[in-house]
Amino acid sequence: MYETNFLGAQLRAASLGAEDRPFLISSETGANVSYGQFFAEAERMAAMLQRLGVVPGDRIAVQAPKTKEMLELYVGSVLAGAVFLPLNTAYTPQEVAYFLDDATPKVLICDPKSLAAMTEIASSAGVAHILTLDEDGSGTLSDAKSKYAPGFQAVGRGPDDLAAILYTSGTTGRSKGAMLTHRALASNSQALCQYWQFTSDDVLIHALPIFHTHGLFVATNVTLFAGGACIFMPGFNAEAILNAMPKATALMGVPTFYTRLLQHAELKDASRQMRLFVSGSAPLLAETHDRWREVTGHAILERYGMTETNMNTSNPYDGDRRAGTVGFPLPGVELKICDPETGDEVPQGDIGILEVRGENVFAGYWNMPEKTAEELRPNGFFITGDMGRVDKDGYVHIVGRAKDLIITGGFNVYPKEVELVIDNLPGVNESAVIGIPHPDFGEAVVAVVVPNAGAALDADQVKQALADQLAKFKQPKHVVILPELPRNTMGKVQKVLLRQDFAGLFAT
Ligand code: AMP
């Protein structure tokens, strides 16, 4: 029934005939949704969307709580030939208005609490239908779905057709809609499933949001491709994750999951028979990697990817998972390190911009041909905007975003290099190094440092301790001590906010 739908057929392949096998296990009630039940509901969603007039290529925007109904809607959209467009639940109605105007979806699904505000912006963006989805799964989406029977004949879609648009987090300038094809999603899920050795015996703890590539495509698609199960959680909750571990085999998380879990004494026992811990979406501190291994005996497997490319690199499943690295290019992904100015490959071991090519890479930015042309080369390489290097053993190291590179007095300073030295100082928990406009140097290096709980840190002490460890131009001109770093929902440090906060530090 799904054969002609490129991604749909692959999402279903592993579970066909295993209808009673559990797919989603509620972390709250323990209730199971079997594969047969899940796909039946997704088919009803697809039938409902078609009845609303959705035709292939139409966008289905959703800003709603993480529920099994949202996953049904995702798969239902794929089966109906539509383009799934999930939005971060933190966006305000004004922000959502931009996405609706840009993507002109035919249908919007929103939280009933924001229905009034959404109705207004949706009508001015020409959205034809607006439905609601609440955190308990109730709402007009489920009411509408219930009128349709399962047994939907999937709409034919080829590998180059769009399956989803995900907007980048857009820390500078306008957020861009990354167009993801059936092939890009399917090929990456296939690669990850094999590389990380997922099978139908796996039970993944799913605590990530599903409006982002990590929770939606990495966690959900890999489970579907393996025919395994997920313990499905509405969000991160350390106790719930620790309770789930003895019944699970794998966890996918952002680094903050791991630092928070490490604060719980139960971790050692709870994690005993887990098979795999994966981290990504932001850099995992080497210290977290080491402490996790000490406590649990497991080496966290760090991988690197982005909205536009799905996953690019991963530490090995069998073999050395090296702290502070993101491993090797995944099968089917080509990676080179290039000079930001010339685009030429730099000598082995040097730092440059990472460029990647492969089936995993997106098809361009929605409605932004100029931006697409700036970042996606005609030969298919995507300029990631991440700076990094490949070491002599082939491991990729990320040193930060190109836009975070600091140029002070004509010298390049890679924030990560300074952060690593600061993080090693006694009493330091973590740090963020930023460039702030400076009348003499153009930019000056500023370090924002977070002390360990209970440690008393003094800015001058930090400066002094760095004096003999770093070249003069890399040493922070100013050190700020803060209780924590600003982070977004994916655990990424928001350096833009720090740069804004300290913009006037050296103003004359
Ligand atoms: P997003 O599009 O929200 O998934 O963000 C992608 C960006 O997150 C990448 O371009 C990197 O800058 C960063 N990122 C993802 N994974 C890692 C990692 N393992 N280490 C360092 N940075 C990462």
# chains A, B, ... in the order shown; residues from 1 in each chain; ligands from 1
call {"tool": "residues_near_ligand", "arguments": {"ligand": "ligand 1", "cutoff": "7 Å", "atoms": "only C-alpha atoms and all ligand atoms", "output": "ChimeraX atom specification"}}
result
/A:168-169,213-214,279-284,302-308,326,384-386,398,400-401
call {"tool": "residues_around", "arguments": {"residues": "Pro159 (chain A)", "least_positions_apart": "4", "cutoff": "6 Å", "atoms": "only C-alpha atoms", "output": "number ranges by chain"}}
result
A: 6, 182-183
call {"tool": "residues_around", "arguments": {"residues": "Val413 (chain A)", "least_positions_apart": "3", "cutoff": "12 Å", "atoms": "only C-alpha atoms", "output": "number ranges by chain"}}
result
A: 351, 387, 399-400, 402-410, 416-419, 433-435, 443-446, 470-476
call {"tool": "closest_atom_pairs", "arguments": {"of": "region 63-139 of chain A", "to": "region 27-47 of chain A", "cutoff": "8 Å", "atoms": "only C-alpha atoms", "output": "CSV"}}
result
residue,atom,partner,partner_atom,distance
A:Glu72,CA,A:Ala42,CA,4.4
A:Leu73,CA,A:Met45,CA,6.0
A:Tyr74,CA,A:Ala42,CA,7.9
A:Val75,CA,A:Ala42,CA,5.8
A:Gly76,CA,A:Ala46,CA,4.3
A:Ser77,CA,A:Ala46,CA,6.0
A:Leu79,CA,A:Ala46,CA,6.1
A:Ala80,CA,A:Ala46,CA,5.1
call {"tool": "select_by_dssp", "arguments": {"residues": "region 119-360 of chain A", "states": "helix (DSSP H, G or I)", "output": "PyMOL selection string"}}
result
chain A and resi 119-124+140-145+182-195+213-226+238-247+255-261+267-270+286-296
call {"tool": "closest_residue", "arguments": {"among": "A:Ser138, A:Thr223, A:Thr309, A:Ser187", "to": "Ile383 (chain A)", "atoms": "only C-alpha atoms"}}
result
A:Thr309
call {"tool": "select_by_dssp", "arguments": {"residues": "region 127-272 of chain A", "states": "strand (DSSP E)", "output": "list in words"}}
result
His129, Ile130, Leu131, Thr132, Leu162, Ala163, Ala164, Ile165, Leu166, Tyr167, Gly177, Ala178, Met179, Leu180, Thr181, Val203, Leu204, Ile205, His206, Ala229, Cys230, Ile231, Phe232, Ala250, Leu251, Met252 and Gly253 of chain A
call {"tool": "closest_residue", "arguments": {"among": "A:Ser146, A:Ala90, A:Val295, A:Glu135", "to": "Asn488 (chain A)", "atoms": "only C-alpha atoms"}}
result
A:Ala90
call {"tool": "closest_residue", "arguments": {"among": "A:Asn360, A:Val449, A:Gly227, A:Thr67", "to": "Arg21 (chain A)", "atoms": "only C-alpha atoms"}}
result
A:Gly227
call {"tool": "atom_distance", "arguments": {"atom1": "CA of Phe441 (chain A)", "atom2": "CA of Val479 (chain A)"}}
result
16.7 Å
call {"tool": "residues_around", "arguments": {"residues": "region 200-206 of chain A", "least_positions_apart": "3", "cutoff": "10 Å", "atoms": "only C-alpha atoms", "output": "PyMOL selection string"}}
result
chain A and resi 14-15+21-25+27+197+209-210+215-216+219-220+222-236+240-242+244-245+247-253+274-277
call {"tool": "closest_residue", "arguments": {"among": "A:Ala122, A:Cys193, A:Pro112, A:Phe257", "to": "Met490 (chain A)", "atoms": "only C-alpha atoms"}}
result
A:Phe257
call {"tool": "residues_around", "arguments": {"residues": "Lys147 (chain A)", "least_positions_apart": "2", "cutoff": "9 Å", "atoms": "only C-alpha atoms", "output": "list of chain:residue names"}}
result
A:Arg44, A:Met48, A:Asp143, A:Ala144, A:Lys145, A:Ala149
call {"tool": "write_last_selection", "arguments": {"atoms": "all heavy atoms", "output": "CSV table (one decimal), in the first residue's frame"}}
result
chain,number,residue,atom,x,y,z
A,44,ARG,N,-5.3,7.2,8.8
A,44,ARG,CA,-6.5,8.0,9.0
A,44,ARG,C,-6.2,9.5,8.9
A,44,ARG,O,-6.9,10.3,8.4
A,44,ARG,CB,-7.1,7.6,10.4
A,44,ARG,CG,-7.6,6.2,10.5
A,44,ARG,CD,-7.9,5.8,11.9
A,44,ARG,NE,-9.2,6.1,12.2
A,44,ARG,CZ,-9.7,5.9,13.4
A,44,ARG,NH1,-9.0,5.5,14.4
A,44,ARG,NH2,-11.0,6.2,13.7
A,48,MET,N,-7.7,12.1,6.2
A,48,MET,CA,-8.3,13.3,6.7
A,48,MET,C,-7.6,14.5,5.9
A,48,MET,O,-8.3,15.4,5.4
A,48,MET,CB,-8.1,13.4,8.2
A,48,MET,CG,-8.7,14.6,8.9
A,48,MET,SD,-7.6,15.9,9.1
A,48,MET,CE,-6.3,15.2,10.0
A,143,ASP,N,-10.4,14.7,16.5
A,143,ASP,CA,-11.8,14.6,16.2
A,143,ASP,C,-12.0,14.4,14.7
A,143,ASP,O,-12.7,13.5,14.2
A,143,ASP,CB,-12.6,15.9,16.6
A,143,ASP,CG,-12.6,16.1,18.1
A,143,ASP,OD1,-12.2,15.2,18.8
A,143,ASP,OD2,-12.9,17.2,18.5
A,144,ALA,N,-11.3,15.2,13.9
A,144,ALA,CA,-11.4,15.1,12.4
A,144,ALA,C,-10.9,13.8,12.0
A,144,ALA,O,-11.5,13.1,11.1
A,144,ALA,CB,-10.6,16.2,11.8
A,145,LYS,N,-9.8,13.3,12.5
A,145,LYS,CA,-9.2,12.0,12.1
A,145,LYS,C,-10.1,10.9,12.4
A,145,LYS,O,-10.2,9.9,11.6
A,145,LYS,CB,-7.9,11.8,12.9
A,145,LYS,CG,-7.2,10.5,12.7
A,145,LYS,CD,-6.1,10.2,13.7
A,145,LYS,CE,-6.6,9.9,15.1
A,145,LYS,NZ,-5.5,9.4,16.0
A,149,ALA,N,-11.4,6.0,8.1
A,149,ALA,CA,-11.0,4.6,8.3
A,149,ALA,C,-9.5,4.5,7.9
A,149,ALA,O,-9.1,5.2,7.0
A,149,ALA,CB,-11.9,3.7,7.5
call {"tool": "closest_residue", "arguments": {"among": "A:Leu482, A:Met70, A:Leu497, A:Val390", "to": "Val346 (chain A)", "atoms": "only C-alpha atoms"}}
result
A:Val390
call {"tool": "residues_around", "arguments": {"residues": "Val361 (chain A)", "least_positions_apart": "5", "cutoff": "10 Å", "atoms": "only C-alpha atoms", "output": "PyMOL selection string"}}
result
chain A and resi 178-181+183-185+187-188+306-312+333+356+376+380-382
call {"tool": "residues_around", "arguments": {"residues": "Glu3 (chain A)", "least_positions_apart": "2", "cutoff": "12 Å", "atoms": "only C-alpha atoms", "output": "PyMOL selection string"}}
result
chain A and resi 1+5-13+16+79+153-158
